[in-house]
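Undergrad: Input input17.txt, format and content: compact mmCIF, C-alpha atoms and all ligand atoms.
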```txt
# COMPACT_ATOMS: atom_id res chain seq x y z
CA MET A 1 28.24 37.88 -16.30
CA GLU A 2 29.21 35.53 -19.09
CA VAL A 3 32.39 33.53 -18.47
CA VAL A 4 34.06 32.02 -21.53
CA ILE A 5 36.89 29.54 -21.03
CA ALA A 6 39.13 29.12 -24.08
CA GLN A 7 42.00 26.70 -24.56
CA THR A 8 44.81 29.18 -25.24
CA PRO A 9 45.56 32.93 -25.11
CA ALA A 10 45.34 32.97 -28.94
CA ALA A 11 41.83 31.49 -28.74
CA VAL A 12 40.93 34.15 -26.13
CA GLY A 13 42.07 36.79 -28.64
CA ILE A 14 39.89 35.33 -31.41
CA ILE A 15 36.77 35.26 -29.23
CA ALA A 16 37.38 38.87 -28.11
CA ALA A 17 38.04 39.94 -31.73
CA GLU A 18 34.71 38.41 -32.71
CA ILE A 19 32.98 40.62 -30.11
CA VAL A 20 34.77 43.76 -31.36
CA THR A 21 33.98 42.87 -34.99
CA GLN A 22 30.31 42.32 -34.14
CA GLN A 23 30.22 45.68 -32.31
CA LEU A 24 31.69 47.47 -35.33
CA THR A 25 29.31 45.69 -37.69
CA ASP A 26 26.37 46.83 -35.57
CA ARG A 27 27.80 50.32 -35.14
CA PRO A 28 30.75 51.34 -37.33
CA ASP A 29 31.18 54.57 -35.32
CA ALA A 30 31.33 52.79 -31.97
CA VAL A 31 33.36 54.16 -29.07
CA LEU A 32 35.94 51.62 -27.88
CA GLY A 33 37.85 51.54 -24.60
CA LEU A 34 41.31 50.04 -24.93
CA ALA A 35 43.48 48.37 -22.29
CA THR A 36 47.25 48.14 -22.60
CA GLY A 37 49.54 45.46 -21.08
CA SER A 38 50.08 41.89 -22.31
CA SER A 39 46.59 40.39 -21.99
CA PRO A 40 44.91 42.11 -24.98
CA LEU A 41 47.85 41.57 -27.37
CA PRO A 42 46.39 38.42 -29.01
CA LEU A 43 43.15 40.39 -29.51
CA TYR A 44 45.00 43.31 -31.08
CA ARG A 45 46.98 40.99 -33.39
CA GLU A 46 43.73 39.38 -34.51
CA LEU A 47 42.10 42.78 -35.12
CA ILE A 48 45.09 43.89 -37.20
CA ALA A 49 44.86 40.67 -39.25
CA ARG A 50 41.12 41.17 -39.78
CA HIS A 51 41.69 44.79 -40.78
CA GLU A 52 44.41 43.76 -43.28
CA ALA A 53 41.99 41.16 -44.69
CA GLY A 54 39.39 43.92 -45.19
CA LEU A 55 37.02 42.40 -42.63
CA VAL A 56 36.86 45.32 -40.22
CA SER A 57 37.37 49.08 -40.37
CA PHE A 58 38.05 51.53 -37.56
CA ALA A 59 37.75 54.63 -39.78
CA ASN A 60 34.73 55.94 -37.83
CA VAL A 61 35.70 54.65 -34.39
CA THR A 62 36.69 56.76 -31.38
CA ALA A 63 38.98 55.08 -28.84
CA PHE A 64 39.82 55.87 -25.23
CA LEU A 65 42.70 54.41 -23.23
CA LEU A 66 42.03 53.13 -19.73
CA ASP A 67 45.03 54.74 -18.12
CA GLU A 68 48.42 56.43 -18.49
CA TYR A 69 51.58 56.68 -16.42
CA VAL A 70 52.29 60.01 -14.78
CA GLY A 71 55.63 61.60 -15.57
CA LEU A 72 56.78 59.55 -18.58
CA PRO A 73 57.70 61.71 -21.59
CA ALA A 74 55.05 61.37 -24.33
CA ASP A 75 57.57 59.64 -26.62
CA HIS A 76 58.67 57.10 -23.97
CA PRO A 77 58.13 53.64 -25.51
CA GLU A 78 56.20 52.47 -22.43
CA ALA A 79 53.90 55.50 -22.26
CA TYR A 80 50.52 53.86 -22.84
CA ARG A 81 49.65 56.01 -25.83
CA ARG A 82 52.89 54.92 -27.53
CA PHE A 83 52.19 51.33 -26.50
CA ILE A 84 48.74 51.24 -28.09
CA GLU A 85 50.01 52.99 -31.23
CA ARG A 86 52.78 50.39 -31.59
CA GLU A 87 50.61 47.37 -30.79
CA LEU A 88 47.38 48.38 -32.54
CA THR A 89 46.50 51.77 -33.90
CA ASP A 90 49.54 52.29 -36.19
CA HIS A 91 48.38 49.16 -38.03
CA ILE A 92 44.68 49.94 -38.50
CA ASP A 93 42.72 52.82 -40.02
CA LEU A 94 41.75 54.55 -36.75
CA PRO A 95 42.40 58.28 -37.32
CA PRO A 96 45.13 59.45 -34.86
CA GLN A 97 42.90 62.32 -33.69
CA ALA A 98 40.25 59.76 -32.66
CA LEU A 99 42.57 58.17 -30.08
CA PHE A 100 42.33 59.69 -26.60
CA GLY A 101 44.27 59.00 -23.42
CA PRO A 102 44.51 60.67 -20.03
CA ASP A 103 47.20 63.37 -20.03
CA GLY A 104 49.77 62.32 -17.43
CA SER A 105 52.48 64.65 -18.70
CA SER A 106 52.38 67.11 -15.76
CA ASP A 107 53.49 66.37 -12.23
CA SER A 108 51.40 69.15 -10.69
CA PRO A 109 48.42 67.83 -8.67
CA ASN A 110 46.14 70.56 -10.03
CA ASP A 111 47.03 69.82 -13.65
CA LEU A 112 46.48 66.10 -13.06
CA GLN A 113 43.11 66.70 -11.46
CA ASP A 114 42.15 68.89 -14.43
CA ALA A 115 43.38 66.20 -16.80
CA GLY A 116 41.12 63.64 -15.09
CA GLU A 117 38.09 65.91 -15.32
CA ARG A 118 38.89 66.76 -18.94
CA TYR A 119 39.10 63.06 -19.79
CA GLU A 120 35.70 62.37 -18.23
CA ALA A 121 34.27 65.23 -20.30
CA GLN A 122 35.86 63.86 -23.50
CA ILE A 123 34.34 60.43 -22.90
CA ALA A 124 30.93 61.99 -22.22
CA ALA A 125 31.18 64.17 -25.35
CA ALA A 126 31.83 61.04 -27.43
CA GLY A 127 28.58 59.60 -26.09
CA GLY A 128 30.17 57.18 -23.60
CA ILE A 129 32.08 53.97 -24.25
CA ASP A 130 30.22 51.19 -26.07
CA LEU A 131 32.74 48.40 -25.58
CA GLN A 132 35.50 48.50 -22.99
CA ILE A 133 38.40 46.00 -23.12
CA LEU A 134 39.90 45.28 -19.70
CA GLY A 135 42.88 43.34 -18.38
CA LEU A 136 43.14 42.13 -14.79
CA GLY A 137 45.94 42.92 -12.35
CA GLY A 138 47.48 40.23 -10.17
CA ASP A 139 46.07 42.16 -7.21
CA GLY A 140 42.61 42.34 -8.80
CA HIS A 141 42.90 45.84 -10.29
CA ILE A 142 41.07 47.02 -13.41
CA GLY A 143 42.48 50.06 -15.14
CA PHE A 144 44.90 51.08 -12.42
CA ASN A 145 42.27 51.05 -9.71
CA GLU A 146 44.25 49.33 -7.01
CA PRO A 147 42.67 47.58 -4.00
CA THR A 148 40.57 49.96 -1.82
CA SER A 149 39.73 52.17 -4.83
CA SER A 150 36.24 53.59 -4.49
CA LEU A 151 33.75 51.59 -6.55
CA ALA A 152 32.27 54.97 -7.59
CA SER A 153 35.61 56.56 -8.58
CA ARG A 154 36.14 58.65 -11.72
CA THR A 155 39.33 59.36 -13.68
CA ARG A 156 42.00 60.49 -11.23
CA ILE A 157 45.56 59.99 -10.03
CA LYS A 158 46.37 56.70 -8.27
CA THR A 159 49.50 55.27 -6.65
CA LEU A 160 50.53 51.85 -7.95
CA THR A 161 50.99 49.01 -5.46
CA ASP A 162 54.45 47.43 -5.17
CA MET A 163 52.96 44.26 -6.69
CA THR A 164 51.86 46.14 -9.83
CA ARG A 165 55.23 47.89 -10.13
CA VAL A 166 57.03 44.55 -9.82
CA ASP A 167 54.63 43.00 -12.40
CA ASN A 168 55.21 45.89 -14.82
CA ALA A 169 59.00 46.04 -14.36
CA ARG A 170 59.22 43.56 -17.26
CA PHE A 171 58.32 46.43 -19.59
CA PHE A 172 61.13 48.56 -18.08
CA ASP A 173 64.11 46.19 -18.48
CA ASP A 174 63.22 44.59 -15.12
CA ASP A 175 64.13 47.84 -13.34
CA ILE A 176 61.40 48.44 -10.75
CA ASP A 177 62.76 51.93 -10.03
CA ALA A 178 62.00 52.87 -13.64
CA VAL A 179 58.30 52.03 -13.24
CA PRO A 180 56.38 55.22 -12.40
CA ARG A 181 54.68 55.29 -9.00
CA HIS A 182 51.68 57.28 -10.18
CA VAL A 183 49.12 56.93 -12.94
CA LEU A 184 45.99 58.58 -14.23
CA THR A 185 43.27 55.98 -14.58
CA GLN A 186 39.62 55.80 -15.48
CA GLY A 187 37.80 55.21 -12.21
CA ILE A 188 35.73 52.15 -11.44
CA GLY A 189 32.60 54.29 -11.84
CA THR A 190 33.90 55.40 -15.26
CA ILE A 191 34.52 51.80 -16.31
CA LEU A 192 31.11 50.65 -15.09
CA ASP A 193 29.48 53.33 -17.29
CA ALA A 194 30.65 51.55 -20.45
CA ARG A 195 27.85 49.61 -22.13
CA HIS A 196 29.69 46.30 -22.54
CA LEU A 197 32.78 45.23 -20.58
CA VAL A 198 35.10 42.51 -21.91
CA LEU A 199 37.70 41.34 -19.40
CA ILE A 200 40.61 39.28 -20.70
CA ALA A 201 42.88 37.26 -18.40
CA THR A 202 45.34 34.52 -19.25
CA GLY A 203 48.07 32.54 -17.51
CA GLU A 204 48.80 31.22 -14.06
CA SER A 205 49.30 34.60 -12.37
CA LYS A 206 45.63 35.40 -13.12
CA GLU A 207 44.16 32.21 -11.68
CA ASP A 208 43.53 33.62 -8.20
CA PRO A 209 42.32 37.12 -9.23
CA VAL A 210 39.96 35.60 -11.85
CA ALA A 211 38.30 33.40 -9.19
CA ARG A 212 38.03 36.34 -6.79
CA THR A 213 36.62 38.59 -9.55
CA VAL A 214 33.98 36.17 -10.79
CA GLU A 215 33.04 34.13 -7.72
CA GLY A 216 34.19 36.16 -4.71
CA PRO A 217 32.32 38.86 -2.82
CA ILE A 218 32.09 42.38 -4.28
CA THR A 219 34.79 44.30 -2.47
CA SER A 220 37.07 47.24 -3.15
CA MET A 221 39.90 44.90 -2.07
CA VAL A 222 39.35 43.20 -5.46
CA PRO A 223 38.41 46.12 -7.69
CA ALA A 224 37.47 43.82 -10.61
CA SER A 225 34.79 42.18 -8.45
CA SER A 226 32.81 45.41 -9.07
CA LEU A 227 32.07 43.99 -12.55
CA GLN A 228 29.44 41.83 -10.84
CA LEU A 229 27.38 45.03 -10.58
CA HIS A 230 27.35 45.57 -14.35
CA PRO A 231 24.55 44.11 -16.51
CA HIS A 232 26.72 43.23 -19.53
CA VAL A 233 30.11 41.69 -18.84
CA THR A 234 32.00 39.03 -20.79
CA VAL A 235 34.99 37.49 -19.01
CA ILE A 236 37.25 35.59 -21.42
CA VAL A 237 39.98 33.47 -19.86
CA ASP A 238 42.26 30.67 -20.95
CA LYS A 239 42.01 27.32 -19.21
CA VAL A 240 45.03 28.10 -17.00
CA ALA A 241 43.55 31.35 -15.65
CA ALA A 242 40.26 29.46 -15.15
CA GLY A 243 42.01 26.90 -12.92
CA SER A 244 40.46 28.05 -9.61
CA LEU A 245 36.91 28.71 -10.83
CA SER A 246 34.62 26.41 -8.86
CA ASN A 247 31.79 26.65 -11.43
CA ALA A 248 33.97 26.11 -14.52
CA SER A 249 31.91 23.17 -15.80
CA TYR A 250 28.74 25.30 -15.67
CA TYR A 251 30.44 28.12 -17.64
CA ARG A 252 31.64 25.61 -20.25
CA GLU A 253 28.21 24.01 -20.54
CA THR A 254 26.50 27.41 -20.82
CA TYR A 255 28.84 28.48 -23.59
CA LEU A 256 28.47 25.21 -25.55
CA ASN A 257 24.68 25.42 -25.33
CA ARG A 258 24.30 29.08 -26.22
CA PRO A 259 21.13 29.68 -28.21
CA GLY A 260 21.91 30.78 -31.78
CA TRP A 261 20.33 34.18 -31.18
CA GLN A 262 22.45 35.00 -28.18
CA HIS A 263 25.31 37.44 -28.73
CA HIS A 264 28.05 37.92 -26.17
C1 LIG A 301 46.41 48.48 -18.61
C2 LIG A 301 45.59 48.27 -17.42
C3 LIG A 301 45.91 47.23 -16.41
C4 LIG A 301 46.32 45.89 -17.03
C5 LIG A 301 46.64 44.88 -15.93
C6 LIG A 301 47.03 43.53 -16.48
O1 LIG A 301 45.87 49.50 -19.40
O2 LIG A 301 44.67 49.00 -17.23
O3 LIG A 301 44.77 47.01 -15.60
O4 LIG A 301 45.28 45.42 -17.83
O5 LIG A 301 47.67 45.39 -15.13
O6 LIG A 301 48.23 43.68 -17.20
P1 LIG A 301 48.77 42.50 -18.11
O7 LIG A 301 47.75 42.30 -19.17
O8 LIG A 301 50.06 43.02 -18.67
O9 LIG A 301 48.92 41.31 -17.23
```
Can the structure from this file be put into structure tokens for me?
Ligand code: F6R
TA:
Amino acid sequence: MEVVIAQTPAAVGIIAAEIVTQQLTDRPDAVLGLATGSSPLPLYRELIARHEAGLVSFANVTAFLLDEYVGLPADHPEAYRRFIERELTDHIDLPPQALFGPDGSSDSPNDLQDAGERYEAQIAAAGGIDLQILGLGGDGHIGFNEPTSSLASRTRIKTLTDMTRVDNARFFDDDIDAVPRHVLTQGIGTILDARHLVLIATGESKEDPVARTVEGPITSMVPASSLQLHPHVTVIVDKVAAGSLSNASYYRETYLNRPGWQHH
């Protein structure tokens, strides 16, 4: 696991954008996994700027969302497909038909189970995810795999914790009752199948989960700690979120002394 500590969230976004740009230079038809929420926004702004400057194209990319709320109408502004269109894909040249997300539009358990299985099949048909962007929940979730999620789980329905619903109420005019209780999310096993995982976390509320993810034991109580099992993970944090990392000076030294040939 490579841990990169940047000064600011904007600097985190630039480092992550460099990784995405490198991926698309190496493989213009790469398959990207996209997180929603606040953490990747500096990355998405930087990617839009690079696209507008002609430095990167998404014309041949396929993209998969990590998760989707169950029961929000497709045109609800906080539905994750709408979110990613607004924050990223409406502003780049990714073809709309190349953007996939789990279908949370039904409230029937059978339909939702089918939607999870269909999503797994779509990811497999695209050849798997090359580069997966992840955020980190205050309770240690990745995707919406809340604590006690199976480390082998696949795309399925999950119930959000109260903590996550409180955290996400800011997107719903601070009305916790408006935050859906259920989601369809890539499983931890699905996420771990991606070839490169880039986890982004910034700000004080991420200080504790970042330390537990990177330096704590692997446990389903901190779903992101499962990343320790993956051979290619880059964790990019700002200095505030890095505040409780006991090996921070080692991570800084490692990054400063990276051999020229070493990519993230
Ligand atoms: C979103 C997702 C979640 C968020 C996490 C952090 O697609 O899968 O895991 O990444 O809840 O959210 P923010 O970045 O808003 O703090």
Undergrad: Taking only C-alpha atoms and all ligand atoms into account, name the residue in A:Leu55, A:Ile123, A:Leu65, A:Ala152 that is nearest to ligand LIG 301 (chain A).
TA: A:Leu65
Undergrad: Produce as a ChimeraX atom specification the set of residues near ligand LIG 301 (chain A), where near means within 10 Å with all atoms listed in the file considered.
TA: /A:33-41,65-69,80-81,83-84,133-146,164-165,167-168,170-171,185-186,199-203,205-206,224
Undergrad: Neighbouring residues of His182 of chain A were defined as those with any atom within 8 Å, considering only C-alpha atoms; residues of the same chain fewer than 3 positions away were excluded. Please report them as a ChimeraX atom specification.
TA: /A:69-71,157-160
Undergrad: May I have the residues from that selection written out with C-alpha atoms, as a CSV table (one decimal), in the frame of the given file?
TA:
```
chain,number,residue,atom,x,y,z
A,69,TYR,CA,51.6,56.7,-16.4
A,70,VAL,CA,52.3,60.0,-14.8
A,71,GLY,CA,55.6,61.6,-15.6
A,157,ILE,CA,45.6,60.0,-10.0
A,158,LYS,CA,46.4,56.7,-8.3
A,159,THR,CA,49.5,55.3,-6.6
A,160,LEU,CA,50.5,51.8,-8.0
```
Undergrad: Please compute the atom CA of Asp177 of chain A-atom CA of Thr161 of chain A distance, one decimal, in Å.
TA: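 Computing the Euclidean distance for atom CA of Asp177 of chain A and atom CA of Thr161 of chain A yields 13.0 Å.
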Undergrad: Work out how far atom CA of Ala16 of chain A is from atom CA of Gly116 of chain A, in Å to one decimal.
TA: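 Computing it gives 28.2 Å between the two atoms.
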Undergrad: May I ask which of the residues A:Pro109, A:Pro73, A:Gly187, A:Gly216 is the closest one to Gln228 of chain A, counting only C-alpha atoms?
TA: A:Gly216
Undergrad: At a cut-off of 10 Å from (51.6, 65.6, -21.0) in the coordinates of the file, what residues are picked up using all atoms listed in the file, written as number ranges by chain?
TA: A: 70-74, 102-107, 111-112, 115
Undergrad: Around the point (35.9, 57.7, -33.8) in the file's coordinates, collect all residues with an atom within 9 Å, using all atoms listed in the file, and return them as an mmCIF file with C-alpha atoms, in the coordinates of the input.
TA:
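Heads up, here's the output in point-v8.cif:
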```
data_model
loop_
_atom_site.group_PDB
_atom_site.id
_atom_site.type_symbol
_atom_site.label_atom_id
_atom_site.label_comp_id
_atom_site.auth_asym_id
_atom_site.auth_seq_id
_atom_site.Cartn_x
_atom_site.Cartn_y
_atom_site.Cartn_z
ATOM 1 C CA PRO A 28 30.750 51.340 -37.330
ATOM 2 C CA ASP A 29 31.180 54.570 -35.320
ATOM 3 C CA ALA A 30 31.330 52.790 -31.970
ATOM 4 C CA VAL A 31 33.360 54.160 -29.070
ATOM 5 C CA LEU A 32 35.940 51.620 -27.880
ATOM 6 C CA PHE A 58 38.050 51.530 -37.560
ATOM 7 C CA ALA A 59 37.750 54.630 -39.780
ATOM 8 C CA ASN A 60 34.730 55.940 -37.830
ATOM 9 C CA VAL A 61 35.700 54.650 -34.390
ATOM 10 C CA THR A 62 36.690 56.760 -31.380
ATOM 11 C CA ALA A 63 38.980 55.080 -28.840
ATOM 12 C CA LEU A 94 41.750 54.550 -36.750
ATOM 13 C CA PRO A 95 42.400 58.280 -37.320
ATOM 14 C CA GLN A 97 42.900 62.320 -33.690
ATOM 15 C CA ALA A 98 40.250 59.760 -32.660
ATOM 16 C CA LEU A 99 42.570 58.170 -30.080
ATOM 17 C CA ALA A 126 31.830 61.040 -27.430
#
```
Undergrad: Determine, counting all atoms listed in the file, which protein, DNA and RNA residues have an atom within 9 Å of an atom of Tyr251 of chain A; residues of the same chain fewer than 2 positions away are not included. Present the result as a VMD selection string.
TA: chain A and resid 2 to 5 247 to 249 253 to 256
Undergrad: Of the residues A:Gln132, A:Thr148, A:Asn257, A:Thr190, which is the one nearest to Ser225 of chain A, using all atoms listed in the file?
TA: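 For Ser225 of chain A, the nearest of the candidates is A:Thr148.
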